[in-house]
Amino acid sequence: MSTPILEARRISKYFYDPVKIKILKDISISIDKGEFVSVIGKSGCGKSTLLYILSTMDTDFEGDLLIDGVSMTMKKEAQLAAVRNKKIGFVFQFHYLLHEYTVLGNVMLPALKLNKYSKEEIESRAIEKLKILGIAHLANKRSNRISGGEKQRVAIARALINDPHIIMCDEPTGNLDKTNSALVFDIFMQLTKEFNQTLLVVTHDNNFAAATDRIIEMEDGCIIRQ
Amino acid sequence: MNSKLLLNVTGSLLLARMRQSIVAAAGVTFGIAMFITMQSFMTGLNKLLDGLVINRTPHIRLYNEVKPNDHQPVNESQKYKGSYNFIRSLKASNVRLSIYNSGYIMEAIKKDDRVAGVTPRITARAFFNNGVVDINGVINGIDADQESSLFHFTDYIVGGKVADLNNISNSIILGKALAETMLVSIDDVIQVITADGNRYPLKVVGFFQSGIRDIDKVQSFATIATTQKILGRPGNYITDIEIKLKNMDAAPAMAREYKKRYHTDAEDIQTANAQYETGSNVRLVISYSVAFTLLLVAGFGIYNILNMMIYEKMDSIAILKATGFSGNDVKNIFIAISVSIGIAGGLPGLLFGYLLATGINQIPFQTEALPTLKTYPVNHNPVFYIVGILFALLTTYLAGLFPARKAGRVDPVDIIRGK
Ligand SMILES: Nc1ncnc2c1ncn2[C@@H]1O[C@H](COP(=O)(O)OP(=O)(O)O)[C@@H](O)[C@H]1O
Ligand SMILES: [Mg+2]
């Protein structure tokens with residue numbers, strides 16, 4: 001068996017405000033390449049908190065996190081930033097596009113930071129990603145001049161630009177209407193099927209979850225089914 | 001992070017806050033322009049005032065001072081050797097004002113490598129008479145050519161010619177104010193009465209104006225030979241030896257050295273004109289503090305704008321960090337924003353400063369006291385421009401540092417969770 005892309009070993013997390021509470025209790029997960037995993041659970045059960053830890057943005061936890069078999073716990077802030085840049089794509093409930101940039105500029109930004117390809121190559125790769133998402137015609141529009149559904153698709157293109165090992169999503173359809181939600185879901189399906197893309201999606205939409213390869217269900221900071 | 005990307009992000013954030021950025025840059029422009037203007041003007045004034053005094057003052061002057069003899073008999077006596085002797089009503093002894101062996105001393109000093117030039121001088125008190133009033137004054141016997149080349153004597157002649165001093169025998173150049181009091185004009189003949197009571201007619205061939213009225217009211221100039229003749233002294237009678245050095249700062253040490261070697265009194269320019277140096281320093285301090293204050297204000301402006309920008313761009317900072325920009329990258333972006341404002345404001349500041357200083361230099365400024373001056377003096381020194389731009393960079397860097405560090409420490413989880 002190949003090494004899992006992402007592995008959480010007995011992760012616990014506390015919040016100290018206003019009193020010390022254990023929000024995540026001994027969570028262990030392992031995700032393999034090409035899996036489409038959804039995380040469900042009641043609001044407040046710790047899904048987002050877990051995702052921030054798995055994404056290396058939150059480093060204040062107990063236990064061990066391995067990405068590609070490499071432990072993240074001893075890494076410095078700048079090293080973790082480099083890991084995220086190269087290996088992890090993000091889609092949040094809010095799109096977080098930079099309004100100063102065009103659609104294309106937003107998609108290119110993480111690749112410019114990675115600095116692996118020339119600017120021209122990055123541009124053509126970005127357009128490729130926009131094509132997959134069916135929004136190539138928006139490439140040169142200012143990012144605040146497009147609709148909410150389009151913005152979320154631009155955010156997905158941005159998550160794809162560096163060909164990450166895994167894309168992590170926190171309620172990616174939470175702000176979208178039915179049609180756009182369905183569209184985003186279809187895109188995720190296409191990504192796993194056609195590109196063997198690994199996906200970890202937090203959602204409270206049970207229909208959405210039901211269609212994924214694997215469901216992780218949480219309750220009160222514990223995994224009750226996976 | 002590569003610098004192209006840094007500039008890319010910096011530029012887009014600056015463009016997003018165009019108006020505030022321009023206002024902040026204008027603050028820097030104003031500060032730097034004022035700094036350049038003040039420096040140019042103040043050092044222009046300093047140079048002028050230095051010129052008034054320092055250019056025409058010998059760096060070292062050798063003379064014999066009228067003072068009590070250092071060696072009093074009671075101190076020499078064996079009997080009172082161990083005691084502390086008080087002497088009352090001590091009088092100055094009969095000093096020889098003339099410098100002994102002056103020709104030899106001047107030759108020797110001329111050979112010293114550190115010396116730029118030497119010229120003799122005789123100073124003598126006298127009364128000037130034209131009609132009934134006697135006016136107290138001083139006759140300076142000078143070597144007009146040497147005096148001109150070393151101490152810019154010709155610059156201060158406002159009527160007549162210096163050359164006539166040599167060409168016309170028994171001639172004199174009077175201080176402008178002195179001539180005005182005596183109501184004499186060029187080619188008039190005045191009477192000079194020496195301390196010994198000798199009366200001597202001299203022809204006025206020019207007027208001298210130093211810009212310091214107290215000097216112009218009493219001073220007059222004649223050749224060494226004429227002065228010796230008036231005083232009834234022989235051809236080797238010299239009361240002062242004036243020395244100009246290659247390096248003015250060596251004056252105090254060399255004055256001590258000459259004093260010891262030639263057994264005369266020696267006064268250096270620093271001791272003689274301490275108050276002018278103080279004035280120069282005060283003017284410099286003023287111009288630096290004005291610039292500092294203006295830049296401090298500009299710095300606070302930038303600090304504010306950056307804080308505002310960071311607050312508004314929290315989302316952008318969060319996603320940059322989530323997608324792989326490190327805290328240091330984010331910090332550098334905001335420092336670059338601040339320093340860009342510094343450059344964008346500083347360079348026009350240099351230009352405006354130059355234009356303002358040039359403008360001041362065009363304003364007519366004529367005063368009785370300063371005959372050579374037609375407009376306000378300004379000193380265009382390239383050093384001010386280098387210091388100015390460094391100032392702009394330093395203030396904007398410091399103003400940006402704290403907000404930038406804050407931006408670098410933003411926790412993306414806090415921002416993303418809050419949405
Ligand atoms: N910064 C914080 N300090 C204290 N408690 C927090 C903080 N952030 C979240 N929580 C609490 O942690 C719990 C889990 O939050 P979260 O992971 O966002 O839940 P979910 O995403 O599953 O809805 C919630 O009860 C929330 O109130
Ligand atoms: Mg959540």
# chains A, B, ... in the order shown; residues from 1 in each chain; ligands from 1
call {"tool": "interface_residues", "arguments": {"of": "chain A", "to": "chain B", "cutoff": "7 Å", "atoms": "only C-alpha atoms", "output": "ChimeraX atom specification"}}
result
/A:52,57-58,77-78,81-82,84-85,96,98,100,110,112-113
call {"tool": "residues_around", "arguments": {"residues": "Asp68 of chain A", "least_positions_apart": "5", "cutoff": "7 Å", "atoms": "only C-alpha atoms", "output": "list in words"}}
result
Thr3, Pro4, Ile5 and Leu6 of chain A
call {"tool": "select_by_dssp", "arguments": {"residues": "segment 141-204 of chain B", "states": "alpha helix (DSSP H)", "output": "list in words"}}
result
Ala144, Asp145, Gln146, Glu147, Ser148, Ser149, Leu150, Phe151, Ala163, Asp164, Leu165, Asn166, Asn167, Lys176, Ala177, Leu178, Ala179, Glu180, Thr181 and Met182 of chain B
call {"tool": "residues_near_ligand", "arguments": {"ligand": "ligand 1", "cutoff": "12 Å", "atoms": "only C-alpha atoms and all ligand atoms", "output": "VMD selection string"}}
result
(chain A and resid 13 to 25 39 to 53 58 60 92 to 93 169 to 171 174 201 to 204 217 to 223) or (chain B and resid 411 413 to 419)
call {"tool": "residues_around", "arguments": {"residues": "Val184 of chain B", "least_positions_apart": "6", "cutoff": "10 Å", "atoms": "only C-alpha atoms", "output": "PyMOL selection string"}}
result
chain B and resi 130+174+176+178+190+204
call {"tool": "write_last_selection", "arguments": {"atoms": "C-alpha atoms", "output": "CSV table (one decimal), in the first residue's frame"}}
result
chain,number,residue,atom,x,y,z
B,130,ASN,CA,38.9,116.6,8.0
B,174,LEU,CA,38.8,104.4,4.3
B,176,LYS,CA,32.8,103.4,4.1
B,178,LEU,CA,34.2,106.3,8.4
B,190,ILE,CA,42.5,114.0,4.9
B,204,VAL,CA,41.6,109.0,-0.2
call {"tool": "residues_around", "arguments": {"residues": "Asp163 of chain A", "least_positions_apart": "3", "cutoff": "8 Å", "atoms": "only C-alpha atoms", "output": "MDAnalysis selection string"}}
result
chainID A and resid 86:87 160
call {"tool": "closest_residue", "arguments": {"among": "A:Tyr117, A:Phe185, A:Phe208, A:Phe90", "to": "Ala155 of chain A", "atoms": "only C-alpha atoms"}}
result
A:Phe90
call {"tool": "atom_distance", "arguments": {"atom1": "atom CA of Tyr100 of chain B", "atom2": "atom CA of Ser149 of chain B"}}
result
25.6 Å
call {"tool": "closest_residue", "arguments": {"among": "A:Thr212, A:Phe94, A:Ile29, A:Ala157", "to": "ligand 2", "atoms": "only C-alpha atoms and all ligand atoms"}}
result
A:Phe94
call {"tool": "residues_around", "arguments": {"residues": "Pro234 of chain B", "least_positions_apart": "5", "cutoff": "12 Å", "atoms": "only C-alpha atoms", "output": "ChimeraX atom specification"}}
result
/B:98,224-229
call {"tool": "atom_distance", "arguments": {"atom1": "atom CA of Leu104 of chain A", "atom2": "atom CA of Ser147 of chain A"}}
result
15.4 Å
call {"tool": "atom_distance", "arguments": {"atom1": "atom CA of Pro403 of chain B", "atom2": "atom CA of Val107 of chain A"}}
result
27.3 Å
call {"tool": "residues_around", "arguments": {"residues": "Ala126 of chain A", "least_positions_apart": "4", "cutoff": "9 Å", "atoms": "only C-alpha atoms", "output": "JSON, numbers by chain"}}
result
{"A": [104, 105, 107, 108, 111, 121, 122, 130, 131, 139, 157, 158, 160, 161]}
call {"tool": "residues_around", "arguments": {"residues": "Ser2 of chain A", "least_positions_apart": "6", "cutoff": "12 Å", "atoms": "only C-alpha atoms", "output": "list in words"}}
result
Ser30, Ile31, Asp32, Lys33, Asp68 and Gly69 of chain A
call {"tool": "select_by_dssp", "arguments": {"residues": "segment 37-199 of chain A", "states": "strand (DSSP E)", "output": "PyMOL selection string"}}
result
chain A and resi 37-41+62-67+70-71+88-91+166-170+198-199
